[in-house]
Amino acid sequence: MTNAISPDTAGRTAEHEVQPRQLRKVVLAGCVGIFVELYDNGIFAFMATALAIVFFDVSKSSDALMLVFAGYAISFFVRPLGAVVCGILGDRIGRQKMLVFVIMLISVATAGIGILPTYAAIGVAAPALLILLRILQGFSVGGEAAGAMTFLAEHSPEGKRGLITSYAQIASFLALLTGTLVAFAMSPWLNEAAINGGGPASWAWRVPFLVAIPMGIIGWYIRRAISDTPNFEKLKAEGGLSRNPLKEAFATPEHRKAMLLALFIPLMNGSGYYVLFSYMPTFLKGDNIGFSTGTALLVTAASLVAICVAIPFMGALSDRVGRKKVIAGAAIAMAIGAIPCYALIATGNFVLAVLGACIMAVIFAGHTAVIHILIVELFPTRVRYSAYGLGYNISSAVFGGTAPLLMTWLIPQFGIYVPAVYAVVTAVGTLIAVSTITDRAHVPLRDTL
């Protein structure tokens, strides 16, 4: 239950107090959806080798893998559409309703992959349906991040927005960790001999996708019981909701600048989330490193544990010193540390690979723990879901979703340090963009300009 305090100046809304029990429910609702969305989204990358075997009739395994990652990339270009549709509806009818919708959509799409017939059974229709379901996943994820982070931020008490929203990022990396461990447990059955050999191994690859069914039901049950945010309800009661939030998001110079910042500040996310974690198992299994599937997944799992531990400290730090300083510090550290860390990974030594991956994970925590709340604070309640979702998801599509495909293509031509160079370039881009913002960590969220 919330107790609204009277508005302050210039369209700002003073922070509200949330009862601890209600806040726990809110955090659970936000985090469970993020967990389900990111597990469903990430398991596609972790199962890339199996999907290449099952759905693509290509003689060279590297070409089949390229096609899987092309499907992975295509889904990211649907994210902005999902962000626009869900964002407009979220700003007009409420955050909670859209969060219930997106969790059901991705659960159905992911489970659908788990029951798809193979290429051997239905030919080219199999990869076509796989890409279609992947596109539905992308649409759903496009509406999830902005919705969940907006939902958590607008419920958060004064001085804790960074910490509260960082919990959702822990959930996202726990989802990746869960996907990694599931893929590790399944690794003996994720090779061509096992999949084509008949028996249980021929359908074992389906299990990680079918897990989406119970997870989706749990997420739907939790989210449907939570009320909408105080900021949205207050604006609705006052008749202040925007009739066309996307148009309004481009209507003023301040909003247009904020949209550009939402596009470029997350640059580092492309090298962090999608290269360091989603692509890392595939990278480690390549000819240059030569780890087994199980060993590659263990390295990734170790780095995921490291980032989960670091994230809440970074979120809380941003509440104290500001978002700008934390993200800028992480960007500088990544620009300096990416190549040495990849040098450790490239030794092919398991212990050194874990060390390099964990150092990069802790550095990246300073970005991922703070990026979402920083973007939330760029926009007022009237357009927050729409504007945040569009800017962030375009960035994810261009610089994140294409990253595994780009790495798969460039590494054979330019060597294994391509991901490290990509990390440096995107970190510098984030540093330049974040240096231009006005930090709003210590002022209330605005409902209007």
# chains A, B, ... in the order shown; residues from 1 in each chain; ligands from 1
>>> residues_around(residues="Met47 (chain A)", least_positions_apart="2", cutoff="8 Å", atoms="only C-alpha atoms", output="PyMOL selection string")
chain A and resi 43-45+49-51+183+190+205
>>> residues_around(residues="His442 (chain A)", least_positions_apart="2", cutoff="9 Å", atoms="only C-alpha atoms", output="short mmCIF file (atom, residue, chain, number, x, y, z; two decimals) with N, CA, C and O atoms, in the first residue's frame")
data_model
loop_
_atom_site.label_atom_id
_atom_site.label_comp_id
_atom_site.auth_asym_id
_atom_site.auth_seq_id
_atom_site.Cartn_x
_atom_site.Cartn_y
_atom_site.Cartn_z
N GLU A 158 12.13 6.37 -1.71
CA GLU A 158 13.17 7.39 -1.89
C GLU A 158 14.56 6.83 -1.56
O GLU A 158 14.75 6.15 -0.57
N GLY A 159 15.50 7.13 -2.42
CA GLY A 159 16.89 6.76 -2.18
C GLY A 159 17.23 5.31 -2.44
O GLY A 159 18.35 4.89 -2.18
N ASP A 319 22.83 4.85 -5.87
CA ASP A 319 21.92 5.64 -5.04
C ASP A 319 22.68 6.65 -4.19
O ASP A 319 22.14 7.70 -3.83
N ARG A 320 23.93 6.35 -3.90
CA ARG A 320 24.75 7.23 -3.06
C ARG A 320 25.50 8.28 -3.88
O ARG A 320 25.46 9.47 -3.57
N GLY A 322 25.40 8.59 -7.45
CA GLY A 322 24.81 8.93 -8.74
C GLY A 322 25.04 7.88 -9.80
O GLY A 322 26.01 7.13 -9.75
N ASP A 439 22.48 13.97 -14.08
CA ASP A 439 22.15 12.86 -13.18
C ASP A 439 20.92 13.21 -12.36
O ASP A 439 20.86 14.25 -11.71
N ARG A 440 19.92 12.30 -12.38
CA ARG A 440 18.68 12.52 -11.62
C ARG A 440 18.49 11.49 -10.52
O ARG A 440 17.37 11.23 -10.08
N PRO A 444 13.12 13.28 -7.30
CA PRO A 444 11.99 12.38 -7.55
C PRO A 444 11.75 12.17 -9.04
O PRO A 444 12.12 12.99 -9.88
#
>>> residues_around(residues="region 368-375 of chain A", least_positions_apart="4", cutoff="8 Å", atoms="only C-alpha atoms", output="MDAnalysis selection string")
chainID A and resid 146 149 153 161:162 165:166 169 262 265:266 269 311:312 314:315 318 323 326:327 364 379 388 439:441
>>> residues_around(residues="Lys285 (chain A)", least_positions_apart="5", cutoff="10 Å", atoms="only C-alpha atoms", output="PyMOL selection string")
chain A and resi 280+290-297
>>> write_last_selection(atoms="all heavy atoms", output="mmCIF file, in the first residue's frame")
data_model
loop_
_atom_site.group_PDB
_atom_site.id
_atom_site.type_symbol
_atom_site.label_atom_id
_atom_site.label_comp_id
_atom_site.auth_asym_id
_atom_site.auth_seq_id
_atom_site.Cartn_x
_atom_site.Cartn_y
_atom_site.Cartn_z
ATOM 1 N N MET A 280 29.561 -16.384 -25.071
ATOM 2 C CA MET A 280 30.792 -16.929 -24.506
ATOM 3 C C MET A 280 30.903 -18.460 -24.612
ATOM 4 O O MET A 280 31.976 -18.974 -24.969
ATOM 5 C CB MET A 280 30.956 -16.491 -23.049
ATOM 6 C CG MET A 280 32.256 -16.950 -22.398
ATOM 7 S SD MET A 280 33.753 -16.322 -23.233
ATOM 8 C CE MET A 280 33.722 -14.622 -22.704
ATOM 9 N N GLY A 290 39.022 -24.310 -27.725
ATOM 10 C CA GLY A 290 38.937 -25.767 -27.685
ATOM 11 C C GLY A 290 38.395 -26.379 -26.417
ATOM 12 O O GLY A 290 38.605 -27.566 -26.170
ATOM 13 N N PHE A 291 37.663 -25.607 -25.610
ATOM 14 C CA PHE A 291 37.044 -26.191 -24.426
ATOM 15 C C PHE A 291 35.900 -27.114 -24.851
ATOM 16 O O PHE A 291 35.271 -26.915 -25.901
ATOM 17 C CB PHE A 291 36.485 -25.106 -23.512
ATOM 18 C CG PHE A 291 37.520 -24.379 -22.691
ATOM 19 C CD1 PHE A 291 37.187 -23.217 -22.016
ATOM 20 C CD2 PHE A 291 38.811 -24.849 -22.570
ATOM 21 C CE1 PHE A 291 38.123 -22.542 -21.248
ATOM 22 C CE2 PHE A 291 39.762 -24.189 -21.804
ATOM 23 C CZ PHE A 291 39.410 -23.028 -21.148
ATOM 24 N N SER A 292 35.634 -28.106 -24.022
ATOM 25 C CA SER A 292 34.452 -28.929 -24.237
ATOM 26 C C SER A 292 33.208 -28.096 -23.920
ATOM 27 O O SER A 292 33.290 -27.030 -23.293
ATOM 28 C CB SER A 292 34.487 -30.151 -23.319
ATOM 29 O OG SER A 292 34.360 -29.743 -21.957
ATOM 30 N N THR A 293 32.049 -28.588 -24.331
ATOM 31 C CA THR A 293 30.795 -27.881 -24.045
ATOM 32 C C THR A 293 30.622 -27.665 -22.550
ATOM 33 O O THR A 293 30.285 -26.559 -22.101
ATOM 34 C CB THR A 293 29.594 -28.672 -24.595
ATOM 35 O OG1 THR A 293 29.713 -28.779 -26.008
ATOM 36 C CG2 THR A 293 28.284 -27.993 -24.242
ATOM 37 N N GLY A 294 30.855 -28.712 -21.765
ATOM 38 C CA GLY A 294 30.690 -28.604 -20.318
ATOM 39 C C GLY A 294 31.636 -27.597 -19.694
ATOM 40 O O GLY A 294 31.233 -26.780 -18.852
ATOM 41 N N THR A 295 32.901 -27.608 -20.088
ATOM 42 C CA THR A 295 33.889 -26.683 -19.532
ATOM 43 C C THR A 295 33.552 -25.239 -19.914
ATOM 44 O O THR A 295 33.644 -24.320 -19.086
ATOM 45 C CB THR A 295 35.305 -27.033 -20.033
ATOM 46 O OG1 THR A 295 35.602 -28.375 -19.672
ATOM 47 C CG2 THR A 295 36.347 -26.112 -19.427
ATOM 48 N N ALA A 296 33.150 -25.033 -21.162
ATOM 49 C CA ALA A 296 32.780 -23.687 -21.617
ATOM 50 C C ALA A 296 31.618 -23.135 -20.808
ATOM 51 O O ALA A 296 31.610 -21.962 -20.403
ATOM 52 C CB ALA A 296 32.420 -23.728 -23.100
ATOM 53 N N LEU A 297 30.630 -23.980 -20.534
ATOM 54 C CA LEU A 297 29.472 -23.537 -19.761
ATOM 55 C C LEU A 297 29.838 -23.269 -18.306
ATOM 56 O O LEU A 297 29.276 -22.373 -17.663
ATOM 57 C CB LEU A 297 28.358 -24.575 -19.855
ATOM 58 C CG LEU A 297 27.695 -24.685 -21.239
ATOM 59 C CD1 LEU A 297 26.791 -25.908 -21.307
ATOM 60 C CD2 LEU A 297 26.908 -23.422 -21.567
#
>>> select_by_dssp(residues="region 195-387 of chain A", states="helix (DSSP H, G or I)", output="compact mmCIF listing (two decimals) with C-alpha atoms, in the first residue's frame")
# COMPACT_ATOMS: atom_id res chain seq x y z
CA ILE A 195 20.71 -36.19 -31.36
CA PRO A 200 15.87 -40.21 -25.29
CA ALA A 201 18.90 -38.26 -26.52
CA SER A 202 17.09 -37.44 -29.76
CA ALA A 204 16.43 -34.27 -24.79
CA TRP A 205 17.26 -30.89 -26.38
CA ARG A 206 13.54 -30.03 -26.14
CA VAL A 207 13.44 -30.11 -22.33
CA PRO A 208 15.06 -26.67 -21.69
CA PHE A 209 12.41 -25.04 -23.89
CA LEU A 210 9.48 -26.90 -22.35
CA ALA A 212 8.97 -22.33 -20.05
CA ILE A 213 5.49 -23.75 -19.41
CA PRO A 214 5.59 -24.01 -15.60
CA MET A 215 7.73 -20.88 -15.30
CA GLY A 216 5.27 -18.88 -17.38
CA ILE A 217 2.30 -20.05 -15.29
CA ILE A 218 4.07 -19.02 -12.07
CA GLY A 219 5.00 -15.62 -13.51
CA TRP A 220 1.47 -14.99 -14.76
CA TYR A 221 -0.02 -15.88 -11.38
CA ILE A 222 2.29 -13.50 -9.48
CA ARG A 223 1.97 -10.57 -11.88
CA ARG A 224 -1.80 -10.63 -12.22
CA PRO A 230 1.49 4.94 -7.77
CA ASN A 231 2.84 7.27 -10.46
CA PHE A 232 0.61 5.79 -13.17
CA GLU A 233 -2.47 5.61 -10.95
CA LYS A 234 -2.01 9.23 -9.84
CA LEU A 235 -1.60 10.46 -13.41
CA LYS A 236 -4.63 8.43 -14.47
CA ALA A 237 -6.75 9.88 -11.64
CA PRO A 245 2.93 8.77 -25.82
CA LEU A 246 5.22 7.81 -28.72
CA LYS A 247 4.44 11.02 -30.63
CA GLU A 248 4.92 12.99 -27.44
CA ALA A 249 8.28 11.31 -26.88
CA PRO A 253 14.07 18.81 -27.69
CA GLU A 254 14.48 17.39 -24.18
CA HIS A 255 12.67 14.19 -25.07
CA ARG A 256 14.54 13.82 -28.35
CA LYS A 257 17.86 14.18 -26.56
CA ALA A 258 16.75 11.63 -23.96
CA MET A 259 15.81 9.20 -26.75
CA LEU A 260 19.31 9.51 -28.24
CA LEU A 261 20.85 8.91 -24.82
CA ALA A 262 18.64 5.82 -24.36
CA LEU A 263 20.06 4.60 -27.67
CA PHE A 264 23.77 5.22 -27.06
CA LEU A 267 26.24 0.52 -26.12
CA MET A 268 28.34 -1.37 -23.59
CA ASN A 269 25.44 -3.78 -23.14
CA GLY A 270 26.19 -5.28 -26.56
CA SER A 271 29.68 -6.39 -25.60
CA GLY A 272 28.75 -7.21 -22.03
CA TYR A 273 25.50 -9.10 -22.01
CA TYR A 274 25.47 -10.57 -25.48
CA VAL A 275 29.18 -11.29 -26.01
CA LEU A 276 30.47 -11.95 -22.51
CA PHE A 277 27.55 -14.16 -21.51
CA SER A 278 25.24 -15.31 -24.33
CA MET A 280 30.79 -16.93 -24.51
CA PRO A 281 30.03 -20.69 -24.44
CA THR A 282 30.14 -20.82 -28.25
CA PHE A 283 33.37 -18.76 -28.27
CA LEU A 284 35.08 -21.06 -25.76
CA LYS A 285 34.12 -24.17 -27.74
CA THR A 293 30.79 -27.88 -24.05
CA GLY A 294 30.69 -28.60 -20.32
CA THR A 295 33.89 -26.68 -19.53
CA ALA A 296 32.78 -23.69 -21.62
CA LEU A 297 29.47 -23.54 -19.76
CA LEU A 298 31.25 -23.75 -16.39
CA VAL A 299 33.38 -20.70 -17.24
CA THR A 300 30.23 -18.80 -18.15
CA ALA A 301 28.49 -20.00 -14.98
CA ALA A 302 31.35 -18.72 -12.81
CA SER A 303 31.17 -15.27 -14.41
CA LEU A 304 27.39 -15.20 -13.92
CA VAL A 305 27.79 -15.91 -10.20
CA ALA A 306 30.34 -13.08 -9.99
CA ILE A 307 28.06 -10.54 -11.64
CA CYS A 308 25.05 -11.54 -9.52
CA VAL A 309 27.08 -10.85 -6.37
CA ALA A 310 28.35 -7.49 -7.68
CA ILE A 311 25.10 -6.05 -9.06
CA PRO A 312 23.32 -5.00 -5.83
CA PHE A 313 26.48 -3.27 -4.57
CA MET A 314 26.65 -1.26 -7.79
CA GLY A 315 22.93 -0.42 -7.64
CA ALA A 316 23.23 0.77 -4.03
CA LEU A 317 26.40 2.72 -4.89
CA SER A 318 24.51 4.57 -7.64
CA ASP A 319 21.92 5.64 -5.04
CA ARG A 320 24.75 7.23 -3.06
CA VAL A 321 27.06 8.77 -5.67
CA ARG A 323 24.23 6.82 -11.85
CA LYS A 324 26.63 8.81 -14.02
CA LYS A 325 29.73 8.13 -11.92
CA VAL A 326 29.07 4.40 -11.62
CA ILE A 327 28.43 3.83 -15.34
CA ALA A 328 31.35 6.05 -16.36
CA GLY A 329 33.65 4.15 -13.99
CA ALA A 330 32.52 0.82 -15.41
CA ALA A 331 33.05 2.04 -18.99
CA ILE A 332 36.59 3.21 -18.22
CA ALA A 333 37.41 -0.06 -16.46
CA MET A 334 36.06 -2.09 -19.41
CA ALA A 335 38.03 -0.05 -21.95
CA ILE A 336 41.20 -0.73 -19.95
CA GLY A 337 40.53 -4.30 -18.86
CA ALA A 338 38.78 -6.02 -21.79
CA ILE A 339 41.88 -7.01 -23.77
CA PRO A 340 43.91 -8.27 -20.75
CA CYS A 341 40.87 -10.26 -19.59
CA TYR A 342 40.42 -11.84 -23.02
CA ALA A 343 44.13 -12.64 -23.00
CA LEU A 344 43.51 -14.70 -19.86
CA ILE A 345 40.52 -16.40 -21.48
CA ALA A 346 42.46 -17.10 -24.68
CA PHE A 350 40.36 -23.22 -17.30
CA VAL A 351 41.41 -21.34 -14.13
CA LEU A 352 42.72 -18.33 -16.07
CA ALA A 353 39.62 -18.29 -18.27
CA VAL A 354 37.41 -18.20 -15.17
CA LEU A 355 39.53 -15.37 -13.72
CA GLY A 356 39.34 -13.29 -16.90
CA ALA A 357 35.60 -13.83 -17.33
CA CYS A 358 34.86 -13.02 -13.68
CA ILE A 359 36.88 -9.78 -13.75
CA MET A 360 34.96 -8.65 -16.83
CA ALA A 361 31.69 -9.65 -15.17
CA VAL A 362 32.37 -7.53 -12.09
CA ILE A 363 33.33 -4.58 -14.30
CA PHE A 364 30.19 -4.99 -16.37
CA ALA A 365 28.07 -5.04 -13.19
CA GLY A 366 28.70 -1.31 -12.87
CA HIS A 367 26.92 -0.82 -16.18
CA THR A 368 24.14 -3.39 -16.11
CA ILE A 371 21.70 1.44 -17.01
CA HIS A 372 17.98 0.75 -16.67
CA ILE A 373 17.25 3.08 -13.77
CA LEU A 374 19.29 5.80 -15.48
CA ILE A 375 17.08 5.51 -18.58
CA VAL A 376 13.90 5.38 -16.45
CA ARG A 384 8.33 6.60 -19.85
CA TYR A 385 7.38 3.10 -20.97
CA SER A 386 7.19 4.01 -24.67
CA ALA A 387 10.27 6.21 -24.94
>>> atom_distance(atom1="CA of Asp228 (chain A)", atom2="CA of Gln19 (chain A)")
14.9 Å
>>> closest_residue(among="A:Phe173, A:Tyr422, A:Tyr392, A:Phe151", to="Leu23 (chain A)", atoms="only C-alpha atoms")
A:Phe151
>>> atom_distance(atom1="CA of Phe69 (chain A)", atom2="CA of Gly199 (chain A)")
27.7 Å
